[in-house]
file target22.cif (mmCIF, C-alpha atoms and all ligand atoms)
data_target
loop_
_atom_site.label_atom_id
_atom_site.label_comp_id
_atom_site.auth_asym_id
_atom_site.auth_seq_id
_atom_site.Cartn_x
_atom_site.Cartn_y
_atom_site.Cartn_z
CA MET A 516 -25.24 12.12 -17.77
CA VAL A 517 -23.62 8.68 -17.43
CA THR A 518 -25.90 6.04 -15.98
CA CYS A 519 -24.39 4.08 -13.15
CA MET A 520 -24.61 0.32 -13.68
CA MET A 521 -23.74 -0.53 -10.09
CA ASN A 522 -25.80 -0.16 -6.97
CA GLU A 523 -24.82 2.32 -4.26
CA LYS A 524 -23.45 -0.30 -1.87
CA ILE A 525 -21.09 -1.72 -4.49
CA GLN A 526 -19.98 1.72 -5.61
CA GLU A 527 -19.22 2.78 -2.05
CA ALA A 528 -17.33 -0.46 -1.32
CA LEU A 529 -15.23 -0.11 -4.49
CA ASN A 530 -14.38 3.47 -3.54
CA GLU A 531 -13.34 2.24 -0.08
CA GLN A 532 -11.05 -0.34 -1.67
CA LEU A 533 -9.58 2.31 -3.98
CA ASN A 534 -8.67 4.22 -0.82
CA ALA A 535 -7.27 1.07 0.83
CA GLU A 536 -4.99 0.42 -2.17
CA ILE A 537 -3.68 3.99 -2.08
CA TYR A 538 -3.09 3.58 1.64
CA SER A 539 -1.13 0.38 0.91
CA SER A 540 1.00 2.34 -1.52
CA TYR A 541 1.56 5.03 1.10
CA LEU A 542 2.47 2.42 3.74
CA TYR A 543 5.06 0.74 1.50
CA LEU A 544 6.52 4.06 0.42
CA SER A 545 6.93 4.87 4.12
CA MET A 546 8.70 1.54 4.59
CA SER A 547 10.91 2.39 1.61
CA ALA A 548 11.90 5.65 3.32
CA TYR A 549 12.58 3.75 6.55
CA PHE A 550 14.87 1.28 4.76
CA GLN A 551 16.62 4.11 2.93
CA GLY A 552 17.41 5.53 6.36
CA THR A 553 18.92 2.23 7.50
CA ASP A 554 21.18 1.91 4.44
CA LEU A 555 19.33 -1.13 3.12
CA ALA A 556 18.96 0.19 -0.42
CA GLY A 557 17.76 -3.17 -1.79
CA PHE A 558 14.93 -3.38 0.76
CA ALA A 559 14.10 0.25 -0.01
CA ASN A 560 13.93 -0.59 -3.71
CA TRP A 561 11.62 -3.57 -3.12
CA MET A 562 9.24 -1.39 -1.11
CA ARG A 563 9.31 1.36 -3.71
CA VAL A 564 8.35 -1.12 -6.44
CA GLN A 565 5.63 -2.48 -4.14
CA ALA A 566 4.30 1.06 -3.62
CA ARG A 567 4.01 1.46 -7.40
CA GLU A 568 2.19 -1.85 -7.71
CA GLU A 569 -0.32 -0.75 -5.11
CA LEU A 570 -0.97 2.46 -7.03
CA MET A 571 -1.57 0.31 -10.09
CA HIS A 572 -4.10 -1.69 -8.05
CA ALA A 573 -5.77 1.56 -7.01
CA MET A 574 -6.02 2.66 -10.65
CA LYS A 575 -7.69 -0.62 -11.57
CA PHE A 576 -10.48 0.28 -9.13
CA TYR A 577 -10.51 3.84 -10.43
CA ASP A 578 -10.94 2.70 -14.02
CA TYR A 579 -13.49 0.03 -13.18
CA ILE A 580 -15.72 2.45 -11.24
CA ASN A 581 -15.64 4.81 -14.23
CA GLU A 582 -16.26 2.03 -16.72
CA ARG A 583 -19.45 1.06 -14.89
CA GLY A 584 -20.66 4.64 -14.94
CA GLY A 585 -19.92 5.13 -11.24
CA ARG A 586 -18.37 8.11 -9.52
CA VAL A 587 -14.86 7.91 -8.11
CA LYS A 588 -14.75 9.57 -4.71
CA LEU A 589 -11.27 10.11 -3.37
CA LYS A 590 -11.08 10.16 0.39
CA GLU A 591 -8.59 11.11 3.04
CA ILE A 592 -5.56 8.80 3.26
CA ALA A 593 -4.41 7.95 6.76
CA ALA A 594 -0.79 8.71 7.68
CA PRO A 595 1.29 5.51 7.67
CA GLN A 596 3.66 4.33 10.38
CA LEU A 597 7.12 5.89 10.00
CA GLU A 598 9.49 3.57 11.85
CA TRP A 599 9.91 -0.16 12.39
CA GLU A 600 12.13 -1.97 14.86
CA SER A 601 13.89 -4.11 12.28
CA PRO A 602 13.59 -5.49 8.74
CA GLN A 603 11.79 -8.48 10.26
CA ALA A 604 9.25 -6.23 12.01
CA ALA A 605 8.64 -4.38 8.73
CA PHE A 606 8.03 -7.62 6.81
CA GLU A 607 5.80 -8.97 9.56
CA HIS A 608 3.80 -5.81 9.02
CA VAL A 609 3.73 -6.31 5.24
CA TYR A 610 2.52 -9.87 5.66
CA SER A 611 -0.22 -9.00 8.16
CA HIS A 612 -1.24 -6.02 6.04
CA GLU A 613 -1.61 -8.21 2.95
CA GLN A 614 -3.70 -10.69 4.95
CA LYS A 615 -5.98 -7.79 5.88
CA VAL A 616 -6.21 -6.73 2.23
CA THR A 617 -7.11 -10.30 1.28
CA ASN A 618 -9.97 -10.16 3.79
CA LEU A 619 -11.15 -6.87 2.29
CA ILE A 620 -11.13 -8.37 -1.21
CA ASN A 621 -12.99 -11.46 0.03
CA ASP A 622 -15.61 -9.24 1.69
CA LEU A 623 -16.00 -7.37 -1.59
CA VAL A 624 -16.49 -10.63 -3.48
CA ASN A 625 -19.12 -11.69 -0.93
CA LEU A 626 -20.90 -8.37 -1.42
CA ALA A 627 -20.78 -8.67 -5.23
CA ILE A 628 -22.29 -12.16 -4.96
CA SER A 629 -25.02 -11.14 -2.52
CA GLU A 630 -25.88 -8.13 -4.72
CA LYS A 631 -25.83 -10.39 -7.81
CA ASP A 632 -23.26 -8.11 -9.48
CA HIS A 633 -21.50 -10.67 -11.67
CA ALA A 634 -19.37 -8.12 -13.53
CA THR A 635 -17.91 -6.84 -10.26
CA ASN A 636 -17.35 -10.36 -9.03
CA ASN A 637 -15.51 -11.12 -12.28
CA PHE A 638 -13.43 -7.91 -11.98
CA LEU A 639 -12.46 -8.84 -8.41
CA GLN A 640 -11.15 -12.28 -9.36
CA TRP A 641 -7.92 -10.68 -10.63
CA PHE A 642 -7.39 -9.39 -7.09
CA VAL A 643 -8.22 -12.76 -5.54
CA THR A 644 -5.36 -14.28 -7.54
CA GLU A 645 -3.08 -11.31 -6.92
CA GLN A 646 -3.56 -11.59 -3.15
CA VAL A 647 -2.31 -15.18 -3.18
CA GLU A 648 0.92 -13.89 -4.77
CA GLU A 649 1.13 -10.88 -2.47
CA GLU A 650 0.86 -12.98 0.66
CA ALA A 651 3.28 -15.60 -0.65
CA SER A 652 5.96 -13.08 -1.59
CA ALA A 653 5.70 -11.17 1.72
CA ASN A 654 5.82 -14.37 3.72
CA GLY A 655 8.68 -15.73 1.58
CA ILE A 656 10.87 -12.72 2.37
CA LEU A 657 9.83 -12.80 6.04
CA GLN A 658 10.92 -16.43 6.33
CA LYS A 659 14.28 -15.65 4.69
CA ILE A 660 14.87 -12.84 7.20
CA LYS A 661 14.12 -15.26 10.04
CA ILE A 662 16.49 -17.89 8.65
CA ILE A 663 19.39 -15.45 8.42
CA GLY A 664 18.59 -14.01 11.85
CA GLY A 665 18.00 -10.57 10.39
CA GLU A 666 21.64 -9.47 10.27
CA GLY A 667 25.16 -9.90 8.99
CA SER A 668 26.17 -11.18 5.57
CA GLY A 669 22.81 -12.93 5.13
CA LEU A 670 21.04 -9.60 5.41
CA PHE A 671 23.53 -8.07 2.99
CA MET A 672 22.86 -10.84 0.45
CA LEU A 673 19.09 -10.47 0.84
CA ASP A 674 19.43 -6.73 0.36
CA GLN A 675 21.27 -7.41 -2.90
CA GLU A 676 18.48 -9.76 -3.99
CA LEU A 677 15.68 -7.32 -3.17
CA GLY A 678 17.58 -4.63 -5.04
CA GLN A 679 16.98 -6.60 -8.26
CA ARG A 680 13.23 -6.13 -8.22
CA VAL A 681 11.90 -3.93 -11.01
CA PHE A 682 8.45 -2.54 -11.60
CA THR A 683 6.94 -4.07 -14.69
CA PRO A 684 4.54 -1.60 -16.28
CA PRO A 685 1.22 -3.10 -17.41
CA THR A 686 1.32 -4.02 -21.10
CA THR A 687 -2.37 -4.40 -21.93
CA SER A 688 -5.37 -2.35 -20.91
CA ALA A 689 -6.63 -5.34 -18.92
CA GLU A 690 -3.42 -5.15 -16.89
CA LYS A 691 -3.68 -1.48 -16.04
FE1 LIG B 1 -3.11 -4.25 -3.45
FE2 LIG B 1 -0.84 -5.59 -1.83
O1 LIG B 1 -2.56 -5.64 -2.46
#

call {"tool": "encode", "arguments": {"input": "target22.cif", "output": "structure tokens"}}
result
Amino acid sequence: MVTCMMNEKIQEALNEQLNAEIYSSYLYLSMSAYFQGTDLAGFANWMRVQAREELMHAMKFYDYINERGGRVKLKEIAAPQLEWESPQAAFEHVYSHEQKVTNLINDLVNLAISEKDHATNNFLQWFVTEQVEEEASANGILQKIKIIGGEGSGLFMLDQELGQRVFTPPTTSAEK
């Protein structure tokens, strides 16, 4: 029998975040399907890569819970929204969603500190940094959409740009 090195509260909170990361993946995959349906293949590609990144985030929680002798408990994943009014509306949603995720990560860090779980605090710092990037990239694309007015040749060019994004598989175990 593996001994759990985390307290119950931490274990439960990490399992909740594992679920939240899978939900993020589900949400972005749903956005990818939406963009596919609007013939914006580049936007669809960007969202599909984002969905894979979120699954990678989820697996980091999965592996960490196991590493600390905890028990992964997979929970129900809520159905994501299916349609958005426009590319701008979708990216406003991405940006606000990432801000919510940042708050969840910050709450987790606060919990790790109050429970004096330094290992978990250290593990979470990767996500603290990642969230800065996540918010910046979502907001960056949102601002571009606003500048081009969300249509015409500007939208076409942005679609081309977002079509270039590729998923970079983790290269080291620490990057899983
Ligand atoms: Fe897993 Fe987009 O943060």

call {"tool": "closest_atom_pairs", "arguments": {"input": "target22.cif", "of": "chain A", "to": "ligand LIG 1 (chain B)", "cutoff": "6 Å", "atoms": "all atoms listed in the file", "output": "tab-separated table"}}
result
residue	atom	partner	partner_atom	distance
A:Glu536	CA	B:LIG1	FE1	5.2
A:Glu569	CA	B:LIG1	FE1	4.8
A:His572	CA	B:LIG1	FE1	5.4
A:Glu613	CA	B:LIG1	FE2	5.5
A:Glu649	CA	B:LIG1	FE2	5.7

call {"tool": "atom_distance", "arguments": {"input": "target22.cif", "atom1": "CA of Leu626 (chain A)", "atom2": "CA of Tyr541 (chain A)"}}
result
26.3 Å

call {"tool": "residues_near_point", "arguments": {"input": "target22.cif", "point": "(-5.1, -9.1, -1.8)", "cutoff": "8 Å", "atoms": "only C-alpha atoms", "output": "list in words"}}
result
Glu613, Gln614, Lys615, Val616, Thr617, Asn618, Leu619, Ile620, Phe642, Val643, Thr644, Glu645, Gln646, Val647, Glu649 and Glu650 of chain A

call {"tool": "residues_near_point", "arguments": {"input": "target22.cif", "point": "(-20.1, 1.1, -6.8)", "cutoff": "10 Å", "atoms": "all atoms listed in the file", "output": "PyMOL selection string"}}
result
chain A and resi 519-531+576+579-581+583-587+627+635

call {"tool": "closest_residue", "arguments": {"input": "target22.cif", "among": "A:Ile537, A:Met562, A:Met546, A:Ala634", "to": "Gln679 (chain A)", "atoms": "all atoms listed in the file"}}
result
A:Met562
